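**Student:** Structure file data02.txt (compact mmCIF, C-alpha atoms and all ligand atoms) right here:
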# COMPACT_ATOMS: atom_id res chain seq x y z
CA MET A 1 8.48 -9.07 -30.60
CA ARG A 2 5.04 -8.29 -32.00
CA VAL A 3 2.17 -9.54 -29.86
CA THR A 4 -1.54 -9.40 -30.52
CA GLY A 5 -4.60 -9.78 -28.38
CA ARG A 6 -5.51 -8.46 -25.00
CA VAL A 7 -4.83 -10.16 -21.68
CA LEU A 8 -6.93 -9.64 -18.56
CA VAL A 9 -5.08 -9.66 -15.24
CA LEU A 10 -7.25 -9.95 -12.15
CA GLY A 11 -5.21 -7.93 -9.74
CA GLY A 12 -4.99 -6.27 -6.39
CA THR A 13 -1.59 -7.72 -5.50
CA GLY A 14 2.06 -6.80 -5.97
CA GLU A 15 2.46 -9.83 -8.24
CA ALA A 16 -0.37 -8.61 -10.47
CA ARG A 17 1.28 -5.21 -10.76
CA ARG A 18 4.64 -6.76 -11.58
CA LEU A 19 3.02 -9.05 -14.14
CA ALA A 20 1.22 -6.14 -15.81
CA THR A 21 4.43 -4.10 -15.79
CA GLY A 22 6.41 -6.92 -17.41
CA LEU A 23 3.75 -7.70 -19.99
CA ASP A 24 3.37 -4.03 -20.88
CA ALA A 25 7.13 -3.86 -21.39
CA GLU A 26 6.87 -6.90 -23.71
CA GLY A 27 4.31 -5.01 -25.81
CA VAL A 28 1.32 -7.00 -24.58
CA ASP A 29 -2.01 -5.16 -24.41
CA VAL A 30 -2.78 -5.80 -20.76
CA LEU A 31 -5.90 -4.81 -18.88
CA SER A 32 -5.69 -5.00 -15.09
CA SER A 33 -8.86 -5.40 -13.09
CA LEU A 34 -9.12 -4.12 -9.51
CA ALA A 35 -11.96 -4.67 -7.08
CA GLY A 36 -12.04 -1.02 -6.02
CA ARG A 37 -11.62 -1.72 -2.29
CA VAL A 38 -8.66 0.60 -1.68
CA ALA A 39 -9.32 4.33 -1.95
CA ASP A 40 -6.01 5.17 -3.64
CA PRO A 41 -4.75 1.98 -5.30
CA ALA A 42 -1.25 1.61 -6.73
CA LEU A 43 -2.05 1.44 -10.46
CA PRO A 44 -0.15 -0.79 -12.90
CA PRO A 45 0.82 0.33 -16.40
CA GLY A 46 -1.52 -0.57 -19.27
CA GLY A 47 -5.31 -0.45 -19.09
CA VAL A 48 -7.11 -0.54 -15.75
CA ARG A 49 -10.74 -1.27 -14.97
CA ILE A 50 -12.14 -0.99 -11.47
CA GLY A 51 -15.09 -2.77 -9.84
CA GLY A 52 -16.67 -6.21 -9.70
CA PHE A 53 -18.01 -8.03 -12.75
CA GLY A 54 -21.20 -9.25 -11.11
CA GLY A 55 -20.24 -12.78 -10.10
CA ALA A 56 -19.24 -15.60 -12.45
CA ASP A 57 -22.15 -14.85 -14.79
CA GLY A 58 -21.11 -11.22 -14.94
CA LEU A 59 -17.55 -12.20 -15.81
CA VAL A 60 -18.84 -14.58 -18.51
CA ALA A 61 -20.84 -11.71 -20.03
CA TRP A 62 -17.84 -9.38 -19.73
CA LEU A 63 -15.54 -11.87 -21.47
CA ARG A 64 -18.04 -12.27 -24.27
CA ALA A 65 -18.34 -8.51 -24.71
CA ASN A 66 -14.58 -7.91 -24.31
CA PRO A 67 -12.72 -10.81 -25.92
CA VAL A 68 -9.29 -11.49 -24.46
CA ARG A 69 -6.66 -14.08 -25.36
CA ALA A 70 -6.15 -15.17 -21.79
CA VAL A 71 -6.92 -14.35 -18.17
CA VAL A 72 -4.43 -14.44 -15.30
CA ASP A 73 -6.01 -14.59 -11.88
CA ALA A 74 -3.33 -12.86 -9.84
CA THR A 75 -5.66 -11.92 -6.99
CA HIS A 76 -4.70 -12.38 -3.37
CA PRO A 77 -4.61 -15.98 -2.02
CA PHE A 78 -7.65 -15.11 0.13
CA ALA A 79 -9.72 -13.57 -2.69
CA ALA A 80 -11.53 -16.90 -3.03
CA VAL A 81 -14.77 -15.55 -4.50
CA MET A 82 -13.03 -13.86 -7.42
CA THR A 83 -10.87 -16.93 -7.97
CA ALA A 84 -13.93 -19.19 -8.07
CA SER A 85 -15.71 -16.81 -10.48
CA ALA A 86 -12.69 -16.75 -12.77
CA ALA A 87 -12.51 -20.56 -12.82
CA ARG A 88 -16.21 -20.85 -13.61
CA ALA A 89 -16.13 -18.15 -16.31
CA ALA A 90 -13.09 -19.72 -17.96
CA GLU A 91 -14.85 -23.09 -18.01
CA VAL A 92 -17.99 -21.58 -19.58
CA THR A 93 -16.25 -19.37 -22.15
CA GLY A 94 -13.20 -21.52 -22.91
CA VAL A 95 -10.86 -18.56 -22.33
CA PRO A 96 -7.48 -19.87 -21.09
CA LEU A 97 -7.03 -19.12 -17.38
CA LEU A 98 -3.91 -19.23 -15.24
CA ARG A 99 -3.80 -18.83 -11.47
CA LEU A 100 -0.76 -16.92 -10.19
CA GLN A 101 -0.45 -17.47 -6.47
CA ARG A 102 2.62 -16.83 -4.38
CA PRO A 103 3.71 -19.65 -2.06
CA GLY A 104 2.51 -19.65 1.53
CA TRP A 105 4.82 -18.95 4.46
CA ARG A 106 6.89 -21.72 6.07
CA ALA A 107 7.65 -21.81 9.78
CA GLN A 108 11.31 -21.45 10.79
CA PRO A 109 13.12 -22.53 13.93
CA GLY A 110 11.95 -20.36 16.80
CA ASP A 111 8.47 -19.78 15.41
CA ASP A 112 5.43 -20.48 17.58
CA TRP A 113 2.74 -20.72 14.89
CA ARG A 114 -0.80 -21.88 15.50
CA TRP A 115 -2.72 -22.78 12.32
CA VAL A 116 -6.47 -22.22 12.15
CA GLY A 117 -9.04 -22.71 9.40
CA SER A 118 -10.89 -19.40 9.51
CA LEU A 119 -10.97 -15.90 11.00
CA GLU A 120 -13.58 -17.13 13.48
CA GLU A 121 -11.21 -19.86 14.66
CA ALA A 122 -8.45 -17.24 14.89
CA ALA A 123 -10.66 -15.17 17.21
CA GLU A 124 -11.09 -18.25 19.42
CA ALA A 125 -7.35 -18.98 19.34
CA VAL A 126 -6.42 -15.59 20.88
CA ALA A 127 -8.52 -16.10 24.01
CA GLY A 128 -6.12 -15.87 26.94
CA PHE A 129 -3.87 -13.29 25.29
CA ALA A 130 -3.96 -9.69 26.52
CA ARG A 131 -2.80 -7.62 23.53
CA VAL A 132 -3.65 -8.85 20.06
CA PHE A 133 -2.20 -7.50 16.82
CA LEU A 134 -4.63 -8.12 13.94
CA THR A 135 -3.00 -7.91 10.50
CA THR A 136 -5.80 -9.73 8.73
CA GLY A 137 -6.94 -6.70 6.74
CA ARG A 138 -9.97 -4.51 7.10
CA SER A 139 -12.53 -6.93 5.70
CA GLY A 140 -13.25 -9.74 8.09
CA LEU A 141 -12.67 -7.75 11.27
CA ALA A 142 -16.24 -8.51 12.29
CA ALA A 143 -15.05 -12.01 13.23
CA PHE A 144 -13.03 -10.39 16.03
CA ALA A 145 -15.71 -7.92 17.18
CA GLY A 146 -16.39 -9.89 20.36
CA LEU A 147 -12.80 -9.69 21.65
CA THR A 148 -12.51 -7.90 24.98
CA GLN A 149 -8.71 -7.57 25.23
CA GLU A 150 -6.58 -4.75 23.74
CA VAL A 151 -6.60 -5.09 19.95
CA LEU A 152 -4.26 -3.36 17.54
CA VAL A 153 -5.56 -3.19 13.96
CA ARG A 154 -3.45 -2.15 11.00
CA SER A 155 -5.00 -1.45 7.63
CA VAL A 156 -4.59 0.78 4.60
CA ASP A 157 -8.00 2.46 4.87
CA PRO A 158 -9.98 3.03 8.09
CA PRO A 159 -11.79 -0.12 9.23
CA GLU A 160 -15.54 -0.10 9.59
CA PRO A 161 -17.50 -1.30 12.60
CA PRO A 162 -18.15 -3.71 14.20
CA LEU A 163 -14.72 -3.61 15.86
CA PRO A 164 -13.52 -5.02 19.19
CA ALA A 165 -14.37 -2.70 22.09
CA ARG A 166 -10.72 -1.78 22.87
CA THR A 167 -9.31 -1.26 19.38
CA THR A 168 -6.35 0.91 18.43
CA VAL A 169 -6.15 1.55 14.67
CA VAL A 170 -2.88 2.17 12.83
CA LEU A 171 -3.41 3.35 9.25
CA GLU A 172 -0.40 2.34 7.19
CA ARG A 173 0.40 0.77 3.84
CA GLY A 174 3.27 -1.71 3.73
CA PRO A 175 5.87 -2.86 3.08
CA PHE A 176 7.14 -2.74 6.66
CA SER A 177 10.71 -3.47 7.72
CA VAL A 178 11.59 -5.84 10.55
CA ALA A 179 12.69 -2.76 12.52
CA ASP A 180 9.26 -1.16 11.95
CA GLU A 181 7.51 -4.33 13.11
CA LEU A 182 9.73 -4.80 16.15
CA ALA A 183 9.03 -1.20 17.17
CA LEU A 184 5.28 -1.61 16.74
CA LEU A 185 5.11 -4.92 18.63
CA ARG A 186 7.18 -3.46 21.47
CA GLU A 187 5.30 -0.15 21.61
CA HIS A 188 1.94 -1.91 21.93
CA ARG A 189 3.36 -4.80 24.01
CA VAL A 190 1.70 -7.23 21.61
CA ASP A 191 1.54 -10.80 22.95
CA VAL A 192 -0.05 -12.49 19.93
CA VAL A 193 -0.13 -11.70 16.20
CA VAL A 194 -2.97 -12.81 13.92
CA THR A 195 -2.42 -13.04 10.18
CA LYS A 196 -3.65 -14.81 7.08
CA ASP A 197 -1.13 -17.01 5.26
CA SER A 198 -0.75 -14.42 2.53
CA GLY A 199 2.83 -15.41 1.76
CA GLY A 200 5.34 -13.15 0.01
CA HIS A 201 8.09 -10.87 1.22
CA LEU A 202 6.16 -7.60 1.48
CA THR A 203 4.34 -8.52 4.66
CA GLU A 204 6.56 -11.17 6.22
CA ALA A 205 8.59 -8.80 8.43
CA LYS A 206 5.94 -9.12 11.16
CA LEU A 207 6.67 -12.86 11.28
CA THR A 208 10.39 -12.22 11.68
CA ALA A 209 9.69 -9.66 14.40
CA ALA A 210 7.34 -12.07 16.22
CA ARG A 211 10.02 -14.80 16.04
CA GLU A 212 12.67 -12.44 17.47
CA LEU A 213 10.40 -11.43 20.35
CA GLY A 214 9.06 -14.95 20.99
CA VAL A 215 5.50 -13.80 20.24
CA PRO A 216 3.10 -16.53 19.03
CA VAL A 217 1.41 -16.12 15.63
CA VAL A 218 -2.06 -17.38 14.73
CA LEU A 219 -2.14 -18.10 11.00
CA VAL A 220 -5.29 -18.58 8.96
CA ARG A 221 -4.90 -21.31 6.33
CA ARG A 222 -5.54 -20.42 2.68
CA PRO A 223 -8.77 -21.36 0.97
CA PRO A 224 -8.33 -24.23 -1.52
CA LEU A 225 -7.71 -23.50 -5.19
CA PRO A 226 -10.42 -24.39 -7.71
CA PRO A 227 -9.64 -27.76 -9.31
CA GLY A 228 -8.42 -27.92 -12.90
CA VAL A 229 -6.90 -24.44 -13.14
CA PRO A 230 -3.18 -24.42 -13.98
CA THR A 231 -1.33 -22.61 -11.22
CA VAL A 232 2.11 -21.01 -11.04
CA ALA A 233 3.93 -19.41 -8.13
CA THR A 234 6.00 -16.72 -9.83
CA VAL A 235 5.48 -13.69 -12.03
CA GLU A 236 8.15 -15.04 -14.40
CA GLU A 237 6.21 -18.26 -14.99
CA ALA A 238 2.99 -16.30 -15.51
CA THR A 239 4.71 -13.99 -18.01
CA ALA A 240 5.98 -16.98 -19.99
CA TRP A 241 2.49 -18.52 -19.97
CA VAL A 242 0.90 -15.31 -21.26
CA LEU A 243 3.49 -14.92 -24.01
CA ARG A 244 2.52 -18.41 -25.22
CA HIS A 245 -1.12 -17.27 -25.48
CA VAL A 246 -0.79 -13.93 -27.30
P1 LIG B 301 -13.16 -11.74 -3.02
O1 LIG B 301 -13.84 -11.90 -1.71
O2 LIG B 301 -12.67 -12.94 -3.71
O3 LIG B 301 -14.07 -10.97 -4.05
C1 LIG B 301 -15.30 -10.36 -3.72
C2 LIG B 301 -15.80 -9.68 -4.96
O4 LIG B 301 -14.97 -8.55 -5.28
C3 LIG B 301 -15.72 -10.57 -6.19
O5 LIG B 301 -16.83 -11.43 -6.24
C4 LIG B 301 -15.68 -9.54 -7.30
O6 LIG B 301 -16.96 -8.96 -7.51
C5 LIG B 301 -14.84 -8.44 -6.69
N1 LIG B 301 -13.43 -8.57 -7.04
C6 LIG B 301 -12.44 -9.16 -6.32
N2 LIG B 301 -11.25 -9.03 -6.94
C7 LIG B 301 -11.52 -8.37 -8.09
C8 LIG B 301 -10.70 -7.92 -9.16
N3 LIG B 301 -9.37 -8.11 -9.16
N4 LIG B 301 -11.32 -7.26 -10.20
C9 LIG B 301 -12.65 -7.05 -10.17
N5 LIG B 301 -13.47 -7.43 -9.19
C10 LIG B 301 -12.90 -8.08 -8.15
O7 LIG B 301 -11.96 -10.70 -2.89
P2 LIG B 301 -11.46 -9.85 -1.63
O8 LIG B 301 -10.81 -10.79 -0.69
O9 LIG B 301 -12.57 -8.97 -1.19
O10 LIG B 301 -10.30 -9.01 -2.32
C11 LIG B 301 -10.63 -7.91 -3.14
C12 LIG B 301 -9.38 -7.46 -3.87
O11 LIG B 301 -8.38 -7.12 -2.93
C13 LIG B 301 -8.80 -8.54 -4.76
O12 LIG B 301 -8.47 -7.93 -5.98
C14 LIG B 301 -7.56 -9.02 -4.04
O13 LIG B 301 -6.54 -9.38 -4.93
C15 LIG B 301 -7.18 -7.82 -3.20
N6 LIG B 301 -6.60 -8.19 -1.91
C16 LIG B 301 -7.26 -9.02 -1.07
C17 LIG B 301 -6.68 -9.37 0.13
C18 LIG B 301 -7.35 -10.34 1.08
O14 LIG B 301 -6.80 -10.59 2.13
N7 LIG B 301 -8.48 -10.92 0.73
C19 LIG B 301 -5.46 -8.83 0.49
C20 LIG B 301 -4.80 -7.96 -0.39
C21 LIG B 301 -5.39 -7.64 -1.58
P3 LIG B 301 -17.98 -9.55 -8.60
O15 LIG B 301 -18.49 -10.84 -8.03
O16 LIG B 301 -19.00 -8.50 -8.71
O17 LIG B 301 -17.17 -9.76 -9.85
What is this file in structure tokens?
**Tutor:**
Amino acid sequence: MRVTGRVLVLGGTGEARRLATGLDAEGVDVLSSLAGRVADPALPPGGVRIGGFGGADGLVAWLRANPVRAVVDATHPFAAVMTASAARAAEVTGVPLLRLQRPGWRAQPGDDWRWVGSLEEAAEAVAGFARVFLTTGRSGLAAFAGLTQEVLVRSVDPPEPPLPARTTVVLERGPFSVADELALLREHRVDVVVTKDSGGHLTEAKLTAARELGVPVVLVRRPPLPPGVPTVATVEEATAWVLRHV
């Protein structure tokens, strides 16, 4: 099939990489955009640009200077600033925008999940636990800086201060198996896990491990999606949407 016109994928997720890979294979000229947070990012095929646009206005200016047929916002469910900028820029420029967001996690029998609305509330929810495993990512750790118990932090790149006083850092990039997660939780005698409701299979092994060990999980709810932006949950649906726009 012959396709014309460029598509911008706002990335930083496995779904964005899979979308770019599939579109590239379909002959679509795809440009993936990454924030530039990770030192050695996994790069998708096709074009790649790295770094912020300069807010919604910056993205508007970028879209005017670099016309594209469509934009897919495949950023992480918690990348709410980028998602809001994309919605605003699409509204201003009239460029079709799709939100690709994987479904959130669902509790299963045996889970002891405690939902909170923010990282700050998560920090309050772990009071009374002795050994906390933070899997919330490097940004946002400041919300937990006041914790006095043992804190295990796992992130891809080294976290920056402020960190809790008794922090152990594990530098690792997922995916992690259930066996990996069971071993880590046991080794550090974790008694509560804190995570954002990122959803997806790549990082859900920790939830399975917590269930098996009877460890409670504090989950941070997702930020709301901007109104009026069509949203799909799968890479396949996003691919079909793009192919209708090129
Ligand atoms: P955010 O708070 O929504 O975005 C902050 C700023 O980073 C945005 O205003 C934008 O800068 C820039 N930015 C974010 N995503 C971008 C992209 N794909 N391309 C170009 N610029 C981008 O986002 P975040 O939570 O810091 O996440 C940053 C990146 O990491 C995202 O791409 C996201 O998909 C990925 N990620 C985030 C998480 C998480 O838990 N938040 C987890 C895994 C991966 P300007 O305003 O200058 O345009």
**Student:** For each of A:Leu98, A:Val156, A:Ala84, A:Ala56, take the minimum atom-to-atom distance to Val229 in chain A, counting only C-alpha atoms, then give the residue where this is smallest.
**Tutor:**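 Checking each of A:Leu98, A:Val156, A:Ala84, A:Ala56 against Val229 in chain A, counting only C-alpha atoms, the winner is A:Leu98.
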**Student:** Neighbours of ligand LIG 301 (chain B) at 7 Å or closer, counting all atoms listed in the file: which residues, as a ChimeraX atom specification?
**Tutor:** /A:10-13,33-35,37,50-56,58-59,74-83,85,136-137
**Student:** Write to file, as an mmCIF file, keeping the file's coordinate frame, the residues of the selection just made, with C-alpha atoms.
**Tutor:**
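Output file result.cif is given in full below:
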data_model
loop_
_atom_site.group_PDB
_atom_site.id
_atom_site.type_symbol
_atom_site.label_atom_id
_atom_site.label_comp_id
_atom_site.auth_asym_id
_atom_site.auth_seq_id
_atom_site.Cartn_x
_atom_site.Cartn_y
_atom_site.Cartn_z
ATOM 1 C CA LEU A 10 -7.250 -9.950 -12.150
ATOM 2 C CA GLY A 11 -5.210 -7.930 -9.740
ATOM 3 C CA GLY A 12 -4.990 -6.270 -6.390
ATOM 4 C CA THR A 13 -1.590 -7.720 -5.500
ATOM 5 C CA SER A 33 -8.860 -5.400 -13.090
ATOM 6 C CA LEU A 34 -9.120 -4.120 -9.510
ATOM 7 C CA ALA A 35 -11.960 -4.670 -7.080
ATOM 8 C CA ARG A 37 -11.620 -1.720 -2.290
ATOM 9 C CA ILE A 50 -12.140 -0.990 -11.470
ATOM 10 C CA GLY A 51 -15.090 -2.770 -9.840
ATOM 11 C CA GLY A 52 -16.670 -6.210 -9.700
ATOM 12 C CA PHE A 53 -18.010 -8.030 -12.750
ATOM 13 C CA GLY A 54 -21.200 -9.250 -11.110
ATOM 14 C CA GLY A 55 -20.240 -12.780 -10.100
ATOM 15 C CA ALA A 56 -19.240 -15.600 -12.450
ATOM 16 C CA GLY A 58 -21.110 -11.220 -14.940
ATOM 17 C CA LEU A 59 -17.550 -12.200 -15.810
ATOM 18 C CA ALA A 74 -3.330 -12.860 -9.840
ATOM 19 C CA THR A 75 -5.660 -11.920 -6.990
ATOM 20 C CA HIS A 76 -4.700 -12.380 -3.370
ATOM 21 C CA PRO A 77 -4.610 -15.980 -2.020
ATOM 22 C CA PHE A 78 -7.650 -15.110 0.130
ATOM 23 C CA ALA A 79 -9.720 -13.570 -2.690
ATOM 24 C CA ALA A 80 -11.530 -16.900 -3.030
ATOM 25 C CA VAL A 81 -14.770 -15.550 -4.500
ATOM 26 C CA MET A 82 -13.030 -13.860 -7.420
ATOM 27 C CA THR A 83 -10.870 -16.930 -7.970
ATOM 28 C CA SER A 85 -15.710 -16.810 -10.480
ATOM 29 C CA THR A 136 -5.800 -9.730 8.730
ATOM 30 C CA GLY A 137 -6.940 -6.700 6.740
#
**Student:** Kindly list the centre and edge lengths in Å, rounded to one decimal, for the axis-aligned box that covers all listed atoms of range 28-35 of chain A plus 6 Å on each of its six sides, as lines of an AutoDock Vina configuration file.
**Tutor:**
center_x = -5.3
center_y = -5.6
center_z = -15.8
size_x = 25.3
size_y = 14.9
size_z = 29.5
**Student:** Which neighbours of range 172-174 of chain A fall inside 8 Å, counting all atoms listed in the file, when residues of the same chain fewer than 2 positions from it are skipped, and could you give them as a list of chain:residue names?
**Tutor:**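 So the residues in contact are A:Arg154, A:Ser155, A:Val156, A:Asp157, A:Val170, A:Phe176, A:Leu202, A:Thr203.
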**Student:** One decimal, in Å: what's the spacing between CA of Ser177 in chain A and CA of Gly200 in chain A?
**Tutor:**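 Computing it gives 13.5 Å between the two atoms.
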**Student:** Using only C-alpha atoms for the distances, tell me which of A:Val235, A:Leu134, A:Val220, A:Leu243 is nearest to Gly27 in chain A.
**Tutor:**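 Of A:Val235, A:Leu134, A:Val220, A:Leu243, the one nearest Gly27 in chain A, counting only C-alpha atoms, is A:Leu243.
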**Student:** Please compute the CA of Val178 in chain A-CA of Ala209 in chain A distance, one decimal, in Å.
**Tutor:**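 Pair CA of Val178 in chain A / CA of Ala209 in chain A returns 5.7 Å.
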